[in-house]
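Q: Can you read through this structure? Questions will come right after.
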Amino acid sequence: MYKNNIYIKNHKEVAAMGGDIGVCLDKYDHKHGLKHDAVARAQYKHWCAKETGVKELLSERDRELLGLK
């Protein structure tokens with residue numbers, strides 16, 4: 001699932017950024033000079049939801065981007 005996703009590959013670093021998932025992703029992007037990638041972020045949230053069972057991680061927009069609507 002999402003084998004080329006940079007956030008999933010670096011999950012420990014992303015999670016260690018502190019804050020909610022969006023804040024962690026913003027901090028990670030800023031630290032590494034990455035542009036905002038809504039699809040990669042939605043994939044990461046979906047992956048986290050599958051890993052943790054917390055379905056509320058995905059917004060309606062995330063679901064749309066991933067074709068889960």
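Ordering of the structure tokens sets the chain letters (A, B, ...), residue numbers begin anew at 1 in every chain, and ligands are numbered from 1 in the order given.
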Within 8 Å of segment 11-15 of chain A, which residues of segment 24-63 of chain A show up? Give each one with its shortest atom-to-atom distance in Å (one decimal) and the two atoms involved, counting only C-alpha atoms, rows by chain then rising residue number, as a Markdown table.
A:
```
| residue | atom | partner | partner_atom | distance |
| --- | --- | --- | --- | --- |
| A:Cys24 | CA | A:Val14 | CA | 5.7 |
| A:Leu25 | CA | A:Val14 | CA | 6.4 |
| A:Tyr28 | CA | A:Val14 | CA | 5.9 |
```
Q: Would you put the residues from that selection into a file with N, CA, C and O atoms, as a short mmCIF file (atom, residue, chain, number, x, y, z; two decimals), in the first residue's frame?
A:
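part_15.cif written:
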```
data_model
loop_
_atom_site.label_atom_id
_atom_site.label_comp_id
_atom_site.auth_asym_id
_atom_site.auth_seq_id
_atom_site.Cartn_x
_atom_site.Cartn_y
_atom_site.Cartn_z
N CYS A 24 2.30 17.59 12.08
CA CYS A 24 3.49 16.75 11.87
C CYS A 24 3.91 16.78 10.41
O CYS A 24 5.10 16.93 10.09
N LEU A 25 2.95 16.66 9.52
CA LEU A 25 3.25 16.67 8.09
C LEU A 25 3.78 18.03 7.64
O LEU A 25 4.73 18.12 6.86
N TYR A 28 7.37 18.29 8.87
CA TYR A 28 8.24 17.42 8.08
C TYR A 28 8.53 18.07 6.73
O TYR A 28 9.69 18.12 6.29
#
```
Q: Tell me which of A:Asn4, A:Gly53, A:Gly22, A:Glu64 sits closest to Arg41 of chain A, counting only C-alpha atoms.
A: A:Gly22
Q: Show which residues sit within 10 Å of Ala42 of chain A, as a PyMOL selection string. Count only C-alpha atoms, and ignore same-chain residues fewer than 6 positions away.
A: chain A and resi 48+57-59+61-66
Q: Write to file, as a short mmCIF file (atom, residue, chain, number, x, y, z; two decimals), in the first residue's frame, the residues of the selection just made, with all heavy atoms.
A:
```
data_model
loop_
_atom_site.label_atom_id
_atom_site.label_comp_id
_atom_site.auth_asym_id
_atom_site.auth_seq_id
_atom_site.Cartn_x
_atom_site.Cartn_y
_atom_site.Cartn_z
N CYS A 48 -2.02 5.34 8.08
CA CYS A 48 -2.07 5.44 9.55
C CYS A 48 -3.40 4.92 10.08
O CYS A 48 -3.43 4.23 11.10
CB CYS A 48 -1.87 6.89 10.00
SG CYS A 48 -0.19 7.50 9.86
N LEU A 57 -9.09 9.83 10.85
CA LEU A 57 -7.91 10.53 10.34
C LEU A 57 -8.14 11.10 8.95
O LEU A 57 -7.51 12.07 8.56
CB LEU A 57 -6.69 9.59 10.30
CG LEU A 57 -6.18 9.10 11.65
CD1 LEU A 57 -5.04 8.11 11.44
CD2 LEU A 57 -5.70 10.27 12.49
N LEU A 58 -9.05 10.50 8.20
CA LEU A 58 -9.29 10.93 6.82
C LEU A 58 -10.43 11.94 6.74
O LEU A 58 -11.53 11.68 7.23
CB LEU A 58 -9.65 9.74 5.94
CG LEU A 58 -8.53 8.74 5.68
CD1 LEU A 58 -9.10 7.48 5.03
CD2 LEU A 58 -7.47 9.35 4.81
N SER A 59 -10.15 13.07 6.11
CA SER A 59 -11.21 14.06 5.88
C SER A 59 -11.98 13.66 4.63
O SER A 59 -11.58 12.75 3.89
CB SER A 59 -10.58 15.44 5.67
OG SER A 59 -9.85 15.47 4.46
N ARG A 61 -12.15 15.41 1.95
CA ARG A 61 -11.25 15.72 0.83
C ARG A 61 -10.23 14.59 0.63
O ARG A 61 -9.94 14.21 -0.50
CB ARG A 61 -10.55 17.05 1.09
CG ARG A 61 -9.57 17.44 0.02
CD ARG A 61 -10.28 17.79 -1.28
NE ARG A 61 -9.30 18.16 -2.30
CZ ARG A 61 -9.33 17.77 -3.55
NH1 ARG A 61 -10.32 17.03 -3.99
NH2 ARG A 61 -8.40 18.13 -4.39
N ASP A 62 -9.69 14.06 1.73
CA ASP A 62 -8.75 12.93 1.64
C ASP A 62 -9.41 11.75 0.95
O ASP A 62 -8.83 11.12 0.08
CB ASP A 62 -8.26 12.50 3.03
CG ASP A 62 -7.40 13.53 3.73
OD1 ASP A 62 -6.75 14.34 3.04
OD2 ASP A 62 -7.39 13.52 4.98
N ARG A 63 -10.63 11.45 1.35
CA ARG A 63 -11.37 10.33 0.75
C ARG A 63 -11.57 10.55 -0.76
O ARG A 63 -11.44 9.62 -1.55
CB ARG A 63 -12.71 10.14 1.43
CG ARG A 63 -12.63 9.63 2.85
CD ARG A 63 -14.04 9.39 3.40
NE ARG A 63 -14.22 9.67 4.80
CZ ARG A 63 -13.59 9.08 5.79
NH1 ARG A 63 -12.70 8.18 5.56
NH2 ARG A 63 -13.83 9.39 7.04
N GLU A 64 -11.88 11.79 -1.13
CA GLU A 64 -12.06 12.12 -2.55
C GLU A 64 -10.76 11.90 -3.31
O GLU A 64 -10.76 11.31 -4.40
CB GLU A 64 -12.50 13.58 -2.70
CG GLU A 64 -13.91 13.85 -2.30
CD GLU A 64 -14.25 15.34 -2.34
OE1 GLU A 64 -13.45 16.13 -2.91
OE2 GLU A 64 -15.30 15.71 -1.80
N LEU A 65 -9.65 12.40 -2.77
CA LEU A 65 -8.36 12.28 -3.44
C LEU A 65 -7.96 10.83 -3.66
O LEU A 65 -7.30 10.49 -4.65
CB LEU A 65 -7.27 12.98 -2.62
CG LEU A 65 -7.32 14.51 -2.62
CD1 LEU A 65 -6.37 15.06 -1.57
CD2 LEU A 65 -6.96 15.05 -3.99
N LEU A 66 -8.37 9.95 -2.75
CA LEU A 66 -8.00 8.55 -2.84
C LEU A 66 -9.07 7.69 -3.51
O LEU A 66 -8.91 6.47 -3.67
CB LEU A 66 -7.73 7.99 -1.43
CG LEU A 66 -6.56 8.64 -0.69
CD1 LEU A 66 -6.46 8.08 0.72
CD2 LEU A 66 -5.25 8.44 -1.44
#
```
Q: Please provide as a PyMOL selection string all residues within 9 Å of Tyr44 of chain A, with the sequence filter that same-chain residues fewer than 2 positions apart are discarded (counting only C-alpha atoms).
A: chain A and resi 2+5-8+11+39-42+46-49
Q: DSSP on the backbone, then: every residue of chain A marked alpha helix (DSSP H), written as a compact mmCIF listing (two decimals) with N, CA and C atoms, in the first residue's frame.
A:
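Saved file part35.txt follows:
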```
# COMPACT_ATOMS: atom_id res chain seq x y z
N ILE A 6 6.69 9.06 0.71
CA ILE A 6 7.80 9.53 1.55
C ILE A 6 7.43 9.60 3.03
N TYR A 7 6.19 9.93 3.32
CA TYR A 7 5.76 10.03 4.71
C TYR A 7 5.71 8.66 5.38
N ILE A 8 5.24 7.67 4.65
CA ILE A 8 5.19 6.31 5.19
C ILE A 8 6.60 5.77 5.38
N LYS A 9 7.45 6.01 4.40
CA LYS A 9 8.85 5.55 4.51
C LYS A 9 9.54 6.16 5.72
N HIS A 11 7.91 7.34 8.55
CA HIS A 11 6.84 7.46 9.55
C HIS A 11 7.35 7.83 10.94
N LYS A 12 8.41 7.21 11.39
CA LYS A 12 8.91 7.51 12.74
C LYS A 12 9.30 8.97 12.88
N GLU A 13 9.96 9.51 11.86
CA GLU A 13 10.36 10.91 11.91
C GLU A 13 9.13 11.82 11.85
N VAL A 14 8.19 11.50 10.97
CA VAL A 14 6.98 12.31 10.85
C VAL A 14 6.23 12.32 12.19
N ALA A 15 6.04 11.16 12.77
CA ALA A 15 5.29 11.05 14.03
C ALA A 15 5.99 11.77 15.18
N ILE A 21 -1.70 15.15 13.22
CA ILE A 21 -1.11 14.59 12.01
C ILE A 21 -0.81 15.66 10.96
N GLY A 22 -1.68 16.63 10.82
CA GLY A 22 -1.45 17.71 9.86
C GLY A 22 -0.25 18.56 10.23
N VAL A 23 -0.11 18.86 11.50
CA VAL A 23 1.02 19.66 11.99
C VAL A 23 2.32 18.88 11.78
N CYS A 24 2.30 17.59 12.08
CA CYS A 24 3.49 16.75 11.87
C CYS A 24 3.91 16.78 10.41
N LEU A 25 2.95 16.66 9.52
CA LEU A 25 3.25 16.67 8.09
C LEU A 25 3.78 18.03 7.64
N ASP A 26 3.19 19.11 8.17
CA ASP A 26 3.69 20.45 7.85
C ASP A 26 5.13 20.63 8.31
N LYS A 27 5.42 20.19 9.52
CA LYS A 27 6.78 20.31 10.07
C LYS A 27 7.77 19.49 9.25
N TYR A 28 7.37 18.29 8.87
CA TYR A 28 8.24 17.42 8.08
C TYR A 28 8.53 18.07 6.73
N ASP A 29 7.48 18.58 6.08
CA ASP A 29 7.66 19.25 4.79
C ASP A 29 8.62 20.43 4.92
N HIS A 30 8.41 21.24 5.94
CA HIS A 30 9.25 22.42 6.15
C HIS A 30 10.71 22.03 6.39
N LYS A 31 10.92 21.04 7.23
CA LYS A 31 12.27 20.59 7.55
C LYS A 31 13.02 20.11 6.31
N HIS A 32 12.32 19.43 5.42
CA HIS A 32 12.95 18.82 4.25
C HIS A 32 12.73 19.60 2.95
N ALA A 38 -1.05 17.00 -1.40
CA ALA A 38 -2.31 16.56 -0.79
C ALA A 38 -2.54 15.06 -0.96
N VAL A 39 -2.18 14.51 -2.10
CA VAL A 39 -2.40 13.08 -2.33
C VAL A 39 -1.49 12.25 -1.42
N ALA A 40 -0.22 12.60 -1.34
CA ALA A 40 0.71 11.86 -0.48
C ALA A 40 0.28 11.95 0.98
N ARG A 41 -0.22 13.11 1.38
CA ARG A 41 -0.70 13.28 2.76
C ARG A 41 -1.94 12.41 3.00
N ALA A 42 -2.85 12.38 2.04
CA ALA A 42 -4.05 11.55 2.17
C ALA A 42 -3.67 10.07 2.25
N GLN A 43 -2.70 9.67 1.44
CA GLN A 43 -2.22 8.29 1.48
C GLN A 43 -1.65 7.96 2.85
N TYR A 44 -0.85 8.87 3.38
CA TYR A 44 -0.25 8.66 4.70
C TYR A 44 -1.33 8.53 5.78
N LYS A 45 -2.31 9.42 5.74
CA LYS A 45 -3.39 9.35 6.72
C LYS A 45 -4.16 8.03 6.59
N HIS A 46 -4.39 7.60 5.35
CA HIS A 46 -5.09 6.33 5.12
C HIS A 46 -4.27 5.17 5.68
N TRP A 47 -2.98 5.19 5.41
CA TRP A 47 -2.07 4.16 5.94
C TRP A 47 -2.10 4.16 7.47
N CYS A 48 -2.02 5.34 8.08
CA CYS A 48 -2.07 5.44 9.55
C CYS A 48 -3.40 4.92 10.08
N ALA A 49 -4.49 5.24 9.38
CA ALA A 49 -5.81 4.77 9.80
C ALA A 49 -5.86 3.25 9.77
N LYS A 50 -5.29 2.65 8.73
CA LYS A 50 -5.26 1.17 8.64
C LYS A 50 -4.40 0.58 9.74
N GLU A 51 -3.27 1.22 10.03
CA GLU A 51 -2.35 0.73 11.05
C GLU A 51 -2.93 0.83 12.46
N THR A 52 -3.67 1.92 12.72
CA THR A 52 -4.16 2.18 14.07
C THR A 52 -5.63 1.83 14.27
N GLU A 60 -13.07 14.36 4.36
CA GLU A 60 -13.83 14.10 3.13
C GLU A 60 -12.95 14.35 1.91
N ARG A 61 -12.15 15.41 1.95
CA ARG A 61 -11.25 15.72 0.83
C ARG A 61 -10.23 14.59 0.63
N ASP A 62 -9.69 14.06 1.73
CA ASP A 62 -8.75 12.93 1.64
C ASP A 62 -9.41 11.75 0.95
N ARG A 63 -10.63 11.45 1.35
CA ARG A 63 -11.37 10.33 0.75
C ARG A 63 -11.57 10.55 -0.76
N GLU A 64 -11.88 11.79 -1.13
CA GLU A 64 -12.06 12.12 -2.55
C GLU A 64 -10.76 11.90 -3.31
N LEU A 65 -9.65 12.40 -2.77
CA LEU A 65 -8.36 12.28 -3.44
C LEU A 65 -7.96 10.83 -3.66
N LEU A 66 -8.37 9.95 -2.75
CA LEU A 66 -8.00 8.55 -2.84
C LEU A 66 -9.07 7.69 -3.51
```
